[in-house]
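Scroll down for the structure; my scribbles are underneath it.
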Amino acid sequence: PETLKPKRVEGSTALFRFNLTVIRLVGDIRVWYAQFMVSLYTVGIAGGVLGILLGFALPVCGSDLALRFRTPRENWTRPGVELTFRTAHTNQAEVVRQLERAQALGFGSVLAAVEGPEEGVWPIVERLADTCHRLGLELGLHDFPFAGDGGKNRARCLVWTEEPSTAFGGTNALNRVVQENGALAVWAVPADRSGAVHPHEMVDLTRAALPTTGVWRVFRFALREVTPPLTDGYAGNSFARHVNRTLSACQSRLPQTYGTTLLWYQFNGPQRDDMVWPADLPERFLRNSGLNLMRFLPVLAGVPVGGEATAQYVRRQLRQSVREAWREGFARHADELVHEAGLEAGIAIDAVPVEPEEVPLSFRRPMFAVSRDADAAGVNRRAAGVARVLRRRFVIGRLPLNDLAETPAATLLPFRWKPEAERLLVEGATRLLLVPSGDLPDEDAAFRSLREGCDTVRRCQVLLQHGEPVADFLVWTEGVPPVLEGYACDYATPALMERATVSQGRIRFESDRTYNALVVPAGVMGREAARRRIGQIAARGVTVWLMEEADGAAGTTAAETMPAGCRRLRPGAPDAPRPDLFWQSEQAGMRLSFLHRRTPEREIYFLVNDTPEAGPVRCTFRDAGAGMPLRWDPVSGETDLVVQGASRTGDGRVTAPLFLGPHDACFIVFERAHAN
């Protein structure tokens with residue numbers, strides 16, 4: 001392979017850079033002078049002056065990425081901060097102090113949650129908007145239920161308790177859940193059965209007494225208000241009225257800042273383990289399953305009523321009914337009302353009852369949390385991949401600063417939340433939202449550490465919001481799709497695939513993002529509708545790859561039914577596309593993740609070592625432009641560190657040796673050919 005070396009010049013590297021700067025400056029002066037003379041003779045003195053100004057402006061605009069990386073200024077490249085203001089403990093002077101600290105720390109936006117009675121909320125919101133406008137900060141508001149509604153139209157979830165029959169028979173005191181809200185259902189279930197329980201064997205204790213023979217378990221089911229209180233997003237018209245009321249109040253009270261400073265409306269949702277209960281859930285469940293939901297409630301407490309197959313069917317149909325209610329009553333209203341009112345709607349992917357990949361379809365600012373394992377990381381990547389398909393500008397990574405694991409390696413890092421921040425970014429977040437444990441710090445060590453972290457995040461976000469995300473494949477996501485190590489992937493749900501158009505060998509979406517290669521998990525081929533759609537896509541010239549499962553068995557079955565024109569993808573096989581990034585390390589336990597961005601001038605790779613291991617790594621980059629690889633450091637802001645020992649293969653790939661420290665991250669930047 002050809003070894004990449006800097007051009008040889010006389011003198012030191014510093015002298016070379018100085019000479020190169022002088023040459024470029026002289027060339028620019030000649031260009032500006034020519035522009036000045038042409039403008040002077042054609043349009044007069046005024047045109048000549050304008051030519052000078054444009055001559056100076058255009059080179060700066062075209063080559064300022066390194067400057068922006070070192071000293072980022074734009075608000076949309078800065079991280080955000082989530083602040084909570086409680087009207088009972090917050091005065092307007094404290095609001096101003098917190099926002100001024102946010103600006104001093106380098107934040108570009110504030111997501112504010114204001115808690116308290118309605119008469120105390122709006123003065124705080126008005127001061128928030130006015131101060132953010134003065135400081136140049138973007139503002140987002142958390143949705144909040146109005147205290148004046150008397151608790152009506154609040155979201156509810158299903159709860160239950162289980163107790164042996166002896167406790168039930170010995171007292172007439174009902175469980176606290178039932179005392180507060182009234183029993184939805186009370187069932188006695190035979191406790192001496194090791195297998196399935198038939199519906200006729202259970203006793204409805206709201207209509208009959210507990211039998212005196214045998215051993216029984218008693219389940220009490222009730223509805224409880226979600227904590228903290230949330231407006232019922234499933235209630236159709238009442239939810240729409242609530243959102244309209246809030247937006248109308250914002251428009252009337254914030255006439256100077258609505259749509260300019262106030263840009264973001266963040267919805268809240270219940271915890272993922274809450275069993276939300278739409279008011280029409282029994283009717284929806286009956287329509288979908290043909291069963292009486294009340295009789296099968298013990299299934300939710302782990303009782304296999306009717307056998308395990310029936311219990312699985314009940315759980316599946318119940319999830320489907322809740323998802324339908326969420327799409328029709330919550331997502332549709334949030335999408336239409338907020339976006340038509342000129343703001344952007346956001347919600348966390350773990351605060352919805354649907355698959356996380358579905359969130360970006362209706363919410364322009366999807367939000368995900370720090371992943372704790374490989375499965376959670378995959379969820380984040382898929383949600384971000386769908387957001388890229390739809391060209392969602394902001395994919396929010398939420399990072400609570402008080403919820404971080406203390407590790408020995410953290411004490412050696414520039415700031416202790418560096419690993420979590422870089423993990424969110426490499427999983428697809430384009431903007432981080434930091435959540436402090438209390439008030440923002442003043443001028444002290446905590447302030448300086450937070451400021452340094454914000455500077456690092458800003459530099460990352462400058463490049464990750466720049467250019468076009470590279471995608472080798474569009475992956476059909478249904479269930480858990482395969483992991484394609486070394487490839488850059490975007491994702492599409494079946495519903496999104498139905499909305500796509502296919503022509504001239506490319507899949508095109510309404511966002512104008514296009515793809516010429518589709519990867520389909522083997523299990524998808526078992527569905528007739530999916531197989532028919534995949535066949536249409538392949539017939540129109542798109543390369544469709546069938547991804548085998550790890551054991552190959554499912555892939556063999558699917559290959560028998562896959563449409564004509566589909567190919568089987570075996571990573572590493574001679575007919576497989578070359579990976580975007582291939583890396584090797586002799587350091588046991590090291591794991592590397594990456595993102596790839598492309599501009600007309602550069603190829604930009606973001607590399608993250610998400611482990612406490614350190615050591616040399618040998619990386620092979622497929623899209624390597626024409627120049628030498630430069631290492632841009634988001635912590636220091638350096639942009640001119642040449643990767644020594646890089647070599648180019650005959651097919652244009654570049655192999656570069658790197659050393660990555662514990663939880664290290666860097667950008668590898670290549671100049672493209674026509675930029676020289």
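Labels for the structure tokens follow display order: chains A, B, ..., residues from 1 in each chain, ligands from 1.
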Spatial neighbours of A:Ser371, 12 Å, only C-alpha atoms, chain gap at least 6 places, as a list of chain:residue names:
A:Asp350, A:Ala377, A:Gly378, A:Val379, A:Asn380, A:Arg381, A:Gly397, A:Arg398, A:Leu399, A:Leu404, A:Pro419, A:Glu420, A:Ala421, A:Glu422, A:Arg423, A:Leu424, A:Leu425, A:Val426, A:Glu427, A:Gly428, A:Ala429, A:Asp610
Report the closest atom pair, with its distance in Å rounded to one decimal, for each residue of stretch 185-253 of chain A that has an atom no farther than 6 Å from stretch 300-313 of chain A; count only C-alpha atoms, sort by chain and then rising residue number, and write it as JSON lines.
{"residue": "A:Ala196", "atom": "CA", "partner": "A:Gly307", "partner_atom": "CA", "distance": 4.7}
{"residue": "A:Val197", "atom": "CA", "partner": "A:Val305", "partner_atom": "CA", "distance": 4.8}
{"residue": "A:His198", "atom": "CA", "partner": "A:Gly306", "partner_atom": "CA", "distance": 4.9}
Would you return as number ranges by chain the members of stretch 274-417 of chain A that DSSP assigns to strand (DSSP E) on this structure's backbone?
A: 275-276, 344-348, 365-369, 396-400
Could you take the residues named above and write them with C-alpha atoms, as a JSON list (two decimals), in the first residue's frame?
[["chain", "number", "residue", "atom", "x", "y", "z"],
["A", 275, "MET", "CA", -50.14, 0.10, 32.25],
["A", 276, "VAL", "CA", -51.96, 3.17, 30.89],
["A", 344, "GLU", "CA", -41.91, 21.68, 17.34],
["A", 345, "ALA", "CA", -43.31, 18.78, 19.37],
["A", 346, "GLY", "CA", -41.05, 16.50, 21.36],
["A", 347, "ILE", "CA", -41.45, 13.42, 23.54],
["A", 348, "ALA", "CA", -39.15, 10.79, 25.04],
["A", 365, "ARG", "CA", -37.80, 16.33, 18.49],
["A", 366, "PRO", "CA", -37.59, 12.71, 19.63],
["A", 367, "MET", "CA", -35.64, 12.24, 22.85],
["A", 368, "PHE", "CA", -33.81, 9.23, 24.23],
["A", 369, "ALA", "CA", -31.92, 8.46, 27.42],
["A", 396, "ILE", "CA", -32.29, 14.93, 21.74],
["A", 397, "GLY", "CA", -30.08, 12.88, 24.05],
["A", 398, "ARG", "CA", -31.17, 13.46, 27.67],
["A", 399, "LEU", "CA", -28.40, 13.19, 30.25],
["A", 400, "PRO", "CA", -29.25, 13.52, 33.99]]
Which residues come within 12 Å of A:Ala410, counting only C-alpha atoms, excluding same-chain residues fewer than 5 positions away, as a list in words?
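Listing them by chain and then by number gives Leu404, Ala405, Phe415, Arg416, Trp417, Lys418, Pro419, Glu420, Thr611, Pro612, Pro662, His663 and Asp664 of chain A.
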Using DSSP assignments from the backbone, pull out every residue in stretch 454-659 of chain A that falls under helix (DSSP H, G or I) and give it to me as a ChimeraX atom specification.
/A:454-464,494-499,522-526,528-539,553-561
Determine, counting only C-alpha atoms, which protein, DNA and RNA residues have an atom within 8 Å of an atom of stretch 527-537 of chain A; residues of the same chain fewer than 4 positions away are not included. Present the result as a tab-separated table (two decimals) with N, CA, C and O atoms, in the first residue's frame.
chain	number	residue	atom	x	y	z
A	494	PRO	N	-42.35	-0.44	9.07
A	494	PRO	CA	-43.23	-0.85	7.96
A	494	PRO	C	-44.17	0.27	7.51
A	494	PRO	O	-44.40	0.44	6.31
A	498	GLU	N	-44.32	1.98	3.69
A	498	GLU	CA	-45.51	2.08	2.83
A	498	GLU	C	-45.65	3.48	2.25
A	498	GLU	O	-46.24	3.65	1.18
A	502	VAL	N	-40.64	4.51	-4.93
A	502	VAL	CA	-39.47	3.81	-5.46
A	502	VAL	C	-39.40	4.07	-6.96
A	502	VAL	O	-40.37	3.82	-7.69
A	507	ILE	N	-35.05	4.29	-3.18
A	507	ILE	CA	-36.20	4.50	-2.30
A	507	ILE	C	-36.17	5.96	-1.87
A	507	ILE	O	-35.16	6.45	-1.37
A	541	GLY	N	-35.47	-1.97	-9.08
A	541	GLY	CA	-34.04	-1.72	-9.19
A	541	GLY	C	-33.30	-1.48	-7.90
A	541	GLY	O	-32.08	-1.29	-7.91
A	542	VAL	N	-33.98	-1.48	-6.76
A	542	VAL	CA	-33.29	-1.30	-5.48
A	542	VAL	C	-32.60	-2.61	-5.10
A	542	VAL	O	-33.19	-3.70	-5.23
A	544	VAL	N	-31.84	-5.27	-2.69
A	544	VAL	CA	-32.45	-5.75	-1.45
A	544	VAL	C	-31.62	-6.91	-0.92
A	544	VAL	O	-31.41	-7.90	-1.61
A	562	MET	N	-38.12	-15.56	-0.48
A	562	MET	CA	-37.81	-14.16	-0.77
A	562	MET	C	-38.05	-13.86	-2.24
A	562	MET	O	-37.85	-14.70	-3.12
A	563	PRO	N	-38.53	-12.63	-2.52
A	563	PRO	CA	-38.86	-12.25	-3.89
A	563	PRO	C	-37.64	-12.29	-4.81
A	563	PRO	O	-36.49	-12.22	-4.36
A	564	ALA	N	-37.90	-12.36	-6.12
A	564	ALA	CA	-36.83	-12.34	-7.10
A	564	ALA	C	-36.08	-11.02	-7.00
A	564	ALA	O	-36.66	-9.96	-6.77
A	565	GLY	N	-34.77	-11.09	-7.21
A	565	GLY	CA	-33.95	-9.89	-7.16
A	565	GLY	C	-33.32	-9.63	-5.81
A	565	GLY	O	-32.45	-8.77	-5.70
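If only C-alpha atoms are the atoms counted, then among A:Phe606, A:Phe144, A:Phe296, A:Phe267 the closest residue to A:Trp187 is A:Phe296.
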Determine, counting only C-alpha atoms, which protein, DNA and RNA residues have an atom within 10 Å of an atom of A:Ala624; residues of the same chain fewer than 3 positions away are not included. Present the result as a ChimeraX atom specification.
/A:580,602-605,620-621,627-629,648,652-655,668-673
Prev. selection, N, CA, C and O atoms, output as a PDB file, in the first residue's frame:
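What follows is the written file part_20.pdb:
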ATOM      1  N   ASP A 580     -18.007   0.395   5.981  1.00  0.00           N
ATOM      2  CA  ASP A 580     -17.627   1.803   6.011  1.00  0.00           C
ATOM      3  C   ASP A 580     -16.407   2.004   6.898  1.00  0.00           C
ATOM      4  O   ASP A 580     -15.533   2.820   6.599  1.00  0.00           O
ATOM      5  N   ARG A 602     -15.484  17.447   2.693  1.00  0.00           N
ATOM      6  CA  ARG A 602     -14.843  16.550   3.653  1.00  0.00           C
ATOM      7  C   ARG A 602     -15.631  15.259   3.862  1.00  0.00           C
ATOM      8  O   ARG A 602     -16.840  15.217   3.672  1.00  0.00           O
ATOM      9  N   GLU A 603     -14.894  14.229   4.285  1.00  0.00           N
ATOM     10  CA  GLU A 603     -15.466  13.028   4.893  1.00  0.00           C
ATOM     11  C   GLU A 603     -15.134  13.105   6.385  1.00  0.00           C
ATOM     12  O   GLU A 603     -13.965  13.297   6.756  1.00  0.00           O
ATOM     13  N   ILE A 604     -16.156  12.969   7.248  1.00  0.00           N
ATOM     14  CA  ILE A 604     -15.983  13.160   8.683  1.00  0.00           C
ATOM     15  C   ILE A 604     -16.443  11.908   9.414  1.00  0.00           C
ATOM     16  O   ILE A 604     -17.598  11.500   9.288  1.00  0.00           O
ATOM     17  N   TYR A 605     -15.538  11.284  10.154  1.00  0.00           N
ATOM     18  CA  TYR A 605     -15.858  10.111  10.970  1.00  0.00           C
ATOM     19  C   TYR A 605     -15.756  10.495  12.445  1.00  0.00           C
ATOM     20  O   TYR A 605     -14.770  11.111  12.859  1.00  0.00           O
ATOM     21  N   THR A 620      -9.605   1.088   9.195  1.00  0.00           N
ATOM     22  CA  THR A 620      -9.622   1.193   7.737  1.00  0.00           C
ATOM     23  C   THR A 620     -10.896   1.917   7.334  1.00  0.00           C
ATOM     24  O   THR A 620     -11.998   1.437   7.596  1.00  0.00           O
ATOM     25  N   PHE A 621     -10.720   3.073   6.685  1.00  0.00           N
ATOM     26  CA  PHE A 621     -11.831   3.921   6.278  1.00  0.00           C
ATOM     27  C   PHE A 621     -12.099   3.714   4.794  1.00  0.00           C
ATOM     28  O   PHE A 621     -11.187   3.826   3.968  1.00  0.00           O
ATOM     29  N   GLY A 627      -7.244  13.481   0.748  1.00  0.00           N
ATOM     30  CA  GLY A 627      -6.192  14.030   1.587  1.00  0.00           C
ATOM     31  C   GLY A 627      -5.755  13.069   2.678  1.00  0.00           C
ATOM     32  O   GLY A 627      -6.204  11.928   2.772  1.00  0.00           O
ATOM     33  N   MET A 628      -4.850  13.561   3.499  1.00  0.00           N
ATOM     34  CA  MET A 628      -4.384  12.791   4.641  1.00  0.00           C
ATOM     35  C   MET A 628      -5.397  12.871   5.771  1.00  0.00           C
ATOM     36  O   MET A 628      -6.102  13.865   5.908  1.00  0.00           O
ATOM     37  N   PRO A 629      -5.516  11.826   6.598  1.00  0.00           N
ATOM     38  CA  PRO A 629      -6.440  11.899   7.735  1.00  0.00           C
ATOM     39  C   PRO A 629      -5.928  12.857   8.805  1.00  0.00           C
ATOM     40  O   PRO A 629      -4.773  12.772   9.231  1.00  0.00           O
ATOM     41  N   ARG A 648      -2.660   4.145   1.968  1.00  0.00           N
ATOM     42  CA  ARG A 648      -3.810   3.997   1.078  1.00  0.00           C
ATOM     43  C   ARG A 648      -3.669   2.714   0.268  1.00  0.00           C
ATOM     44  O   ARG A 648      -2.598   2.415  -0.277  1.00  0.00           O
ATOM     45  N   GLY A 652      -8.545   2.648  -2.833  1.00  0.00           N
ATOM     46  CA  GLY A 652      -8.852   3.970  -2.297  1.00  0.00           C
ATOM     47  C   GLY A 652      -9.084   4.020  -0.810  1.00  0.00           C
ATOM     48  O   GLY A 652      -9.207   5.115  -0.250  1.00  0.00           O
ATOM     49  N   ARG A 653      -9.156   2.877  -0.128  1.00  0.00           N
ATOM     50  CA  ARG A 653      -9.350   2.903   1.320  1.00  0.00           C
ATOM     51  C   ARG A 653      -8.070   3.344   2.028  1.00  0.00           C
ATOM     52  O   ARG A 653      -6.979   3.194   1.490  1.00  0.00           O
ATOM     53  N   VAL A 654      -8.239   3.892   3.219  1.00  0.00           N
ATOM     54  CA  VAL A 654      -7.093   4.363   3.993  1.00  0.00           C
ATOM     55  C   VAL A 654      -7.076   3.636   5.329  1.00  0.00           C
ATOM     56  O   VAL A 654      -8.086   3.580   6.034  1.00  0.00           O
ATOM     57  N   THR A 655      -5.920   3.069   5.657  1.00  0.00           N
ATOM     58  CA  THR A 655      -5.718   2.442   6.955  1.00  0.00           C
ATOM     59  C   THR A 655      -4.862   3.369   7.803  1.00  0.00           C
ATOM     60  O   THR A 655      -3.810   3.847   7.352  1.00  0.00           O
ATOM     61  N   ILE A 668     -12.060  11.910  12.751  1.00  0.00           N
ATOM     62  CA  ILE A 668     -11.065  11.720  11.702  1.00  0.00           C
ATOM     63  C   ILE A 668     -11.636  12.378  10.445  1.00  0.00           C
ATOM     64  O   ILE A 668     -12.715  12.000   9.973  1.00  0.00           O
ATOM     65  N   VAL A 669     -10.910  13.350   9.919  1.00  0.00           N
ATOM     66  CA  VAL A 669     -11.422  14.207   8.846  1.00  0.00           C
ATOM     67  C   VAL A 669     -10.526  14.061   7.623  1.00  0.00           C
ATOM     68  O   VAL A 669      -9.295  14.170   7.723  1.00  0.00           O
ATOM     69  N   PHE A 670     -11.147  13.798   6.470  1.00  0.00           N
ATOM     70  CA  PHE A 670     -10.448  13.717   5.193  1.00  0.00           C
ATOM     71  C   PHE A 670     -10.942  14.835   4.287  1.00  0.00           C
ATOM     72  O   PHE A 670     -12.155  15.077   4.190  1.00  0.00           O
ATOM     73  N   GLU A 671     -10.016  15.495   3.597  1.00  0.00           N
ATOM     74  CA  GLU A 671     -10.401  16.433   2.551  1.00  0.00           C
ATOM     75  C   GLU A 671     -10.816  15.639   1.318  1.00  0.00           C
ATOM     76  O   GLU A 671     -10.215  14.624   0.987  1.00  0.00           O
ATOM     77  N   ARG A 672     -11.851  16.130   0.624  1.00  0.00           N
ATOM     78  CA  ARG A 672     -12.278  15.467  -0.611  1.00  0.00           C
ATOM     79  C   ARG A 672     -11.460  15.985  -1.779  1.00  0.00           C
ATOM     80  O   ARG A 672     -10.844  17.044  -1.722  1.00  0.00           O
ATOM     81  N   ALA A 673     -11.463  15.250  -2.903  1.00  0.00           N
ATOM     82  CA  ALA A 673     -10.553  15.520  -4.019  1.00  0.00           C
ATOM     83  C   ALA A 673     -10.733  16.917  -4.590  1.00  0.00           C
ATOM     84  O   ALA A 673      -9.783  17.665  -4.784  1.00  0.00           O
TER      85      ALA A 673
END
Within 9 Å of A:Ser289, counting only C-alpha atoms, which residues show up once you throw out same-chain ones fewer than 3 positions away? Write them as a list in words, please.
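That gives Arg284, Phe285, Leu286, Asn292, Tyr313, Val314, Gln317 and Leu318 of chain A.
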Which distance in Å separates atom CA of A:Thr131 and atom CA of A:Thr71, to one decimal?
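So the two atoms, atom CA of A:Thr131 and atom CA of A:Thr71, lie 24.1 Å apart.
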